[in-house]
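Here's start_14.tsv, which has TSV, C-alpha atoms:
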```tsv
chain	number	residue	atom	x	y	z
Y	1	MET	CA	103.78	155.63	83.63
Y	2	ALA	CA	102.08	153.97	80.64
Y	3	GLN	CA	104.29	150.93	81.15
Y	4	ILE	CA	103.08	150.61	84.76
Y	5	ARG	CA	99.44	150.76	83.62
Y	6	VAL	CA	100.01	148.09	80.99
Y	7	SER	CA	101.78	145.88	83.54
Y	8	GLY	CA	98.95	146.42	85.99
Y	9	LEU	CA	96.38	145.52	83.35
Y	10	ALA	CA	98.35	142.41	82.38
Y	11	ILE	CA	98.46	141.28	86.01
Y	12	LEU	CA	94.76	141.99	86.39
Y	13	ALA	CA	94.01	139.97	83.25
Y	14	MET	CA	96.04	137.04	84.55
Y	15	VAL	CA	94.22	137.11	87.89
Y	16	VAL	CA	90.84	137.26	86.18
Y	17	LEU	CA	91.66	134.43	83.79
Y	18	SER	CA	93.12	132.25	86.52
Y	19	ASN	CA	89.98	132.57	88.60
Y	20	CYS	CA	87.35	131.75	85.95
Y	21	ALA	CA	85.64	129.11	88.09
Y	22	ALA	CA	85.56	131.41	91.10
Y	23	ASP	CA	84.29	134.23	88.92
Y	24	ALA	CA	81.52	132.01	87.54
Y	25	GLN	CA	80.45	131.20	91.12
Y	26	LEU	CA	80.52	134.88	92.08
Y	27	LEU	CA	78.46	135.74	89.02
Y	28	LEU	CA	75.96	132.99	89.83
Y	29	CYS	CA	75.65	134.18	93.44
Y	30	ALA	CA	75.14	137.74	92.24
Y	31	GLN	CA	72.39	136.49	89.93
Y	32	VAL	CA	70.75	134.54	92.78
Y	33	ASN	CA	70.93	137.59	95.06
Y	34	VAL	CA	69.33	139.78	92.39
Y	35	LEU	CA	66.55	137.22	91.89
Y	36	LEU	CA	65.87	137.02	95.64
Y	37	LEU	CA	65.95	140.78	96.14
Y	38	PRO	CA	62.25	141.40	95.23
Y	39	CYS	CA	61.34	138.88	97.95
Y	40	ARG	CA	63.45	140.37	100.72
Y	41	ALA	CA	60.59	142.22	102.41
Y	42	SER	CA	58.50	139.03	102.50
Y	43	ILE	CA	61.46	137.01	103.77
Y	44	LEU	CA	62.14	139.51	106.55
Y	45	ASP	CA	58.48	139.83	107.56
Y	46	SER	CA	56.19	136.83	107.17
Y	47	THR	CA	53.12	139.09	107.29
Y	48	ILE	CA	54.08	140.67	103.96
Y	49	LEU	CA	52.70	138.62	101.08
Y	50	PRO	CA	54.99	138.00	98.12
Y	51	THR	CA	54.49	140.30	95.16
Y	52	SER	CA	54.07	139.04	91.61
Y	53	THR	CA	57.62	140.27	90.95
Y	54	CYS	CA	58.88	138.17	93.83
Y	55	CYS	CA	57.07	135.07	92.54
Y	56	SER	CA	58.36	135.65	89.01
Y	57	SER	CA	61.88	135.93	90.42
Y	58	LEU	CA	61.47	132.68	92.37
Y	59	GLN	CA	60.28	130.94	89.22
Y	60	ALA	CA	63.35	132.24	87.37
Y	61	LEU	CA	65.49	130.96	90.22
Y	62	ALA	CA	63.85	127.53	89.95
Y	63	ILE	CA	64.74	127.45	86.23
Y	64	LEU	CA	68.32	128.45	87.05
Y	65	SER	CA	68.55	125.65	89.62
Y	66	VAL	CA	67.84	122.89	87.08
Y	67	GLY	CA	70.73	123.73	84.79
Y	68	PRO	CA	74.03	121.84	84.49
Y	69	PRO	CA	75.34	120.14	87.68
Y	70	ASP	CA	77.83	122.90	88.55
Y	71	GLN	CA	75.10	125.50	88.12
Y	72	ARG	CA	72.67	123.50	90.32
Y	73	LYS	CA	75.26	123.09	93.07
Y	74	GLY	CA	76.28	126.74	92.90
Y	75	CYS	CA	72.69	127.97	92.85
Y	76	CYS	CA	71.89	125.76	95.84
Y	77	GLN	CA	74.87	127.02	97.83
Y	78	CYS	CA	74.21	130.67	96.99
Y	79	CYS	CA	70.55	130.33	97.97
Y	80	LYS	CA	71.47	128.65	101.23
Y	81	ASN	CA	74.01	131.34	102.05
Y	82	TYR	CA	71.54	134.13	101.25
Y	83	LEU	CA	68.54	132.56	102.96
Y	84	LEU	CA	70.43	131.42	106.04
Y	85	SER	CA	71.39	135.02	106.62
Y	86	LEU	CA	67.65	135.75	106.77
Y	87	ASN	CA	64.93	133.27	107.78
Y	88	ILE	CA	64.88	129.94	105.95
Y	89	LEU	CA	61.44	128.90	107.27
Y	90	ILE	CA	59.86	132.06	105.92
Y	91	ALA	CA	61.72	131.52	102.64
Y	92	LEU	CA	60.28	127.99	102.40
Y	93	ASN	CA	56.81	129.38	102.94
Y	94	LEU	CA	57.47	132.01	100.30
Y	95	PHE	CA	58.27	129.36	97.67
Y	96	ASN	CA	55.04	127.58	98.66
Y	97	GLN	CA	53.00	130.78	98.41
Y	98	CYS	CA	54.38	131.32	94.91
Y	99	ASN	CA	53.66	127.68	93.93
Y	100	CYS	CA	57.32	127.27	93.14
Y	101	ASN	CA	59.90	124.58	93.87
Y	102	PRO	CA	63.49	125.80	94.35
Y	103	GLY	CA	64.85	122.56	92.85
Y	104	PHE	CA	66.67	121.54	96.05
Y	105	PRO	CA	65.79	121.30	99.73
Y	106	LEU	CA	65.95	124.62	101.55
Y	107	ASP	CA	67.58	123.07	104.56
Y	108	PRO	CA	70.66	124.46	106.30
Y	109	ASN	CA	72.00	120.89	106.64
Y	110	PHE	CA	71.51	119.93	103.00
Y	111	ASP	CA	74.76	119.24	101.14
Y	112	CYS	CA	74.55	121.04	97.81
Y	113	ASN	CA	77.40	118.90	96.50
Y	114	SER	CA	75.00	115.94	96.49
Y	115	LEU	CA	73.04	117.45	93.60
```
When written as structure tokens, how does the structure in this file appear?
Amino acid sequence: MAQIRVSGLAILAMVVLSNCAADAQLLLCAQVNVLLLPCRASILDSTILPTSTCCSSLQALAILSVGPPDQRKGCCQCCKNYLLSLNILIALNLFNQCNCNPGFPLDPNFDCNSL
């Protein structure tokens, strides 16, 4: 039984190590989702003004989006995926209300690989 556990852990370790790039992207998307979470109510309903927590989160997201090229591209793609599932026009307005620039166009047709 212990041998099966060890084998299972070894296989799990190999899978994790072989997917480092994918894991980094998943981690980045999780970080983007957490940063956008305080803004969800304002994104879903344009009559709800962004809170200071939301604006602080958007500013942190803007800082994240000016990192190394892979981080910028990943942040862009994660934001697009998240915001396209909601309302991108409201999200654009939200960044404006918080006096914040996301670091890339919030446009469903924008190619994040061009960053």
Can you list every residue of region 26-70 of chain Y that has an atom at most 7 Å from region 86-101 of chain Y, with its nearest atom pair and the distance in Å to one decimal, using only C-alpha atoms, ordered by chain then number, as a tab-separated table?
```
residue	atom	partner	partner_atom	distance
Y:Ile43	CA	Y:Ala91	CA	5.6
Y:Leu44	CA	Y:Leu86	CA	6.7
Y:Ser46	CA	Y:Ile90	CA	6.1
Y:Pro50	CA	Y:Leu94	CA	6.8
Y:Cys55	CA	Y:Cys98	CA	5.2
Y:Leu58	CA	Y:Cys100	CA	6.9
Y:Gln59	CA	Y:Cys100	CA	6.1
Y:Ala62	CA	Y:Asn101	CA	6.3
```
Inset, instruction - Please provide the set of residues having any atom within 9 Å of region 24-33 of chain Y, restricted to all atoms listed in the file, with same-chain residues fewer than 6 positions apart removed, written as a list in words. - result: Leu61, Leu64, Gln71, Gly74, Cys75, Gln77, Cys78, Cys79 and Tyr82 of chain Y
Legend entry - Within 10 Å of Pro69 (chain Y) using all atoms listed in the file, minus same-chain residues under 3 positions, as a ChimeraX atom specification: /Y:65-66,72-75,113-115
Which centre and which edge lengths, in Å to one decimal, describe the axis-aligned box that holds all listed atoms of region 76-90 of chain Y after 8 Å is added on each side, as lines of an AutoDock Vina configuration file?
```
center_x = 67.4
center_y = 130.8
center_z = 101.8
size_x = 31.0
size_y = 26.0
size_z = 27.9
```
Inset, instruction - Grab the CA of Leu83 (chain Y) to CA of Thr53 (chain Y) distance for me, in Å with one decimal place. - result: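 Calculated distance between CA of Leu83 (chain Y) and CA of Thr53 (chain Y) is 18.0 Å.
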Inset, instruction - Using CA of Asn81 (chain Y) and CA of Cys39 (chain Y) as the two end points, give the distance in Å to one decimal. - result: 15.3 Å
Inset, instruction - Tell me which of Y:Leu84, Y:Ile48, Y:Cys54, Y:Ala60 sits closest to Phe110 (chain Y), counting only C-alpha atoms. - result: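 Selected residue with least distance to Phe110 (chain Y): Y:Leu84.
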Inset, instruction - Write out as a list of chain:residue names each polymer residue whose atoms come within 9 Å of Cys76 (chain Y), counting all atoms listed in the file; drop sequence neighbours fewer than 6 positions from it. - result: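 Here the qualifying residues turn out to be Y:Ser65, Y:Pro102, Y:Gly103, Y:Phe104, Y:Pro105, Y:Leu106, Y:Asp111, Y:Cys112, Y:Asn113, Y:Leu115.
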Kindly export the residues of the current selection with C-alpha atoms, as a compact mmCIF listing (two decimals), in the frame of the given file.
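As written to disk, part09.txt reads:
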```txt
# COMPACT_ATOMS: atom_id res chain seq x y z
CA SER Y 65 68.55 125.65 89.62
CA PRO Y 102 63.49 125.80 94.35
CA GLY Y 103 64.85 122.56 92.85
CA PHE Y 104 66.67 121.54 96.05
CA PRO Y 105 65.79 121.30 99.73
CA LEU Y 106 65.95 124.62 101.55
CA ASP Y 111 74.76 119.24 101.14
CA CYS Y 112 74.55 121.04 97.81
CA ASN Y 113 77.40 118.90 96.50
CA LEU Y 115 73.04 117.45 93.60
```
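Atom to atom, CA of Ile63 (chain Y) and CA of Thr47 (chain Y) stand 26.7 Å apart.
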Inset, instruction - Choose the residue, out of Y:Ser57, Y:Asp23, Y:Asp107, Y:Asp70, that has the smallest atom-to-atom separation from Pro38 (chain Y); count only C-alpha atoms. - result: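 Smallest distance to Pro38 (chain Y) is found for Y:Ser57.
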Any chance you could model N, CA, C and O atoms for region 56-68 of chain Y and send them as a PDB file, in the coordinates of the input?
```pdb
ATOM      1  N   SER Y  56      57.703 135.798  90.319  1.00  0.00           N
ATOM      2  CA  SER Y  56      58.360 135.650  89.010  1.00  0.00           C
ATOM      3  C   SER Y  56      59.857 135.408  89.192  1.00  0.00           C
ATOM      4  O   SER Y  56      60.463 134.585  88.486  1.00  0.00           O
ATOM      5  N   SER Y  57      60.456 136.099  90.141  1.00  0.00           N
ATOM      6  CA  SER Y  57      61.880 135.930  90.420  1.00  0.00           C
ATOM      7  C   SER Y  57      62.163 134.531  90.970  1.00  0.00           C
ATOM      8  O   SER Y  57      63.159 133.903  90.601  1.00  0.00           O
ATOM      9  N   LEU Y  58      61.290 134.033  91.838  1.00  0.00           N
ATOM     10  CA  LEU Y  58      61.470 132.680  92.370  1.00  0.00           C
ATOM     11  C   LEU Y  58      61.325 131.635  91.280  1.00  0.00           C
ATOM     12  O   LEU Y  58      62.043 130.632  91.274  1.00  0.00           O
ATOM     13  N   GLN Y  59      60.420 131.870  90.345  1.00  0.00           N
ATOM     14  CA  GLN Y  59      60.280 130.940  89.220  1.00  0.00           C
ATOM     15  C   GLN Y  59      61.529 130.964  88.335  1.00  0.00           C
ATOM     16  O   GLN Y  59      61.984 129.916  87.868  1.00  0.00           O
ATOM     17  N   ALA Y  60      62.103 132.139  88.140  1.00  0.00           N
ATOM     18  CA  ALA Y  60      63.350 132.240  87.370  1.00  0.00           C
ATOM     19  C   ALA Y  60      64.488 131.534  88.105  1.00  0.00           C
ATOM     20  O   ALA Y  60      65.313 130.864  87.484  1.00  0.00           O
ATOM     21  N   LEU Y  61      64.490 131.643  89.413  1.00  0.00           N
ATOM     22  CA  LEU Y  61      65.490 130.960  90.220  1.00  0.00           C
ATOM     23  C   LEU Y  61      65.342 129.441  90.106  1.00  0.00           C
ATOM     24  O   LEU Y  61      66.332 128.716  90.005  1.00  0.00           O
ATOM     25  N   ALA Y  62      64.105 128.969  90.093  1.00  0.00           N
ATOM     26  CA  ALA Y  62      63.850 127.530  89.950  1.00  0.00           C
ATOM     27  C   ALA Y  62      64.373 127.032  88.599  1.00  0.00           C
ATOM     28  O   ALA Y  62      64.944 125.942  88.517  1.00  0.00           O
ATOM     29  N   ILE Y  63      64.228 127.830  87.556  1.00  0.00           N
ATOM     30  CA  ILE Y  63      64.740 127.450  86.230  1.00  0.00           C
ATOM     31  C   ILE Y  63      66.277 127.418  86.270  1.00  0.00           C
ATOM     32  O   ILE Y  63      66.892 126.496  85.736  1.00  0.00           O
ATOM     33  N   LEU Y  64      66.865 128.393  86.932  1.00  0.00           N
ATOM     34  CA  LEU Y  64      68.320 128.450  87.050  1.00  0.00           C
ATOM     35  C   LEU Y  64      68.851 127.233  87.812  1.00  0.00           C
ATOM     36  O   LEU Y  64      69.920 126.725  87.507  1.00  0.00           O
ATOM     37  N   SER Y  65      68.082 126.743  88.767  1.00  0.00           N
ATOM     38  CA  SER Y  65      68.550 125.650  89.620  1.00  0.00           C
ATOM     39  C   SER Y  65      68.425 124.270  88.979  1.00  0.00           C
ATOM     40  O   SER Y  65      68.772 123.271  89.600  1.00  0.00           O
ATOM     41  N   VAL Y  66      67.919 124.191  87.755  1.00  0.00           N
ATOM     42  CA  VAL Y  66      67.840 122.890  87.080  1.00  0.00           C
ATOM     43  C   VAL Y  66      68.776 122.834  85.871  1.00  0.00           C
ATOM     44  O   VAL Y  66      68.625 121.990  85.006  1.00  0.00           O
ATOM     45  N   GLY Y  67      69.750 123.710  85.868  1.00  0.00           N
ATOM     46  CA  GLY Y  67      70.730 123.730  84.790  1.00  0.00           C
ATOM     47  C   GLY Y  67      71.773 122.635  84.963  1.00  0.00           C
ATOM     48  O   GLY Y  67      71.539 121.637  85.646  1.00  0.00           O
ATOM     49  N   PRO Y  68      72.937 122.821  84.373  1.00  0.00           N
ATOM     50  CA  PRO Y  68      74.030 121.840  84.490  1.00  0.00           C
ATOM     51  C   PRO Y  68      74.410 121.617  85.963  1.00  0.00           C
ATOM     52  O   PRO Y  68      74.158 122.481  86.807  1.00  0.00           O
TER      53      PRO Y  68
END
```
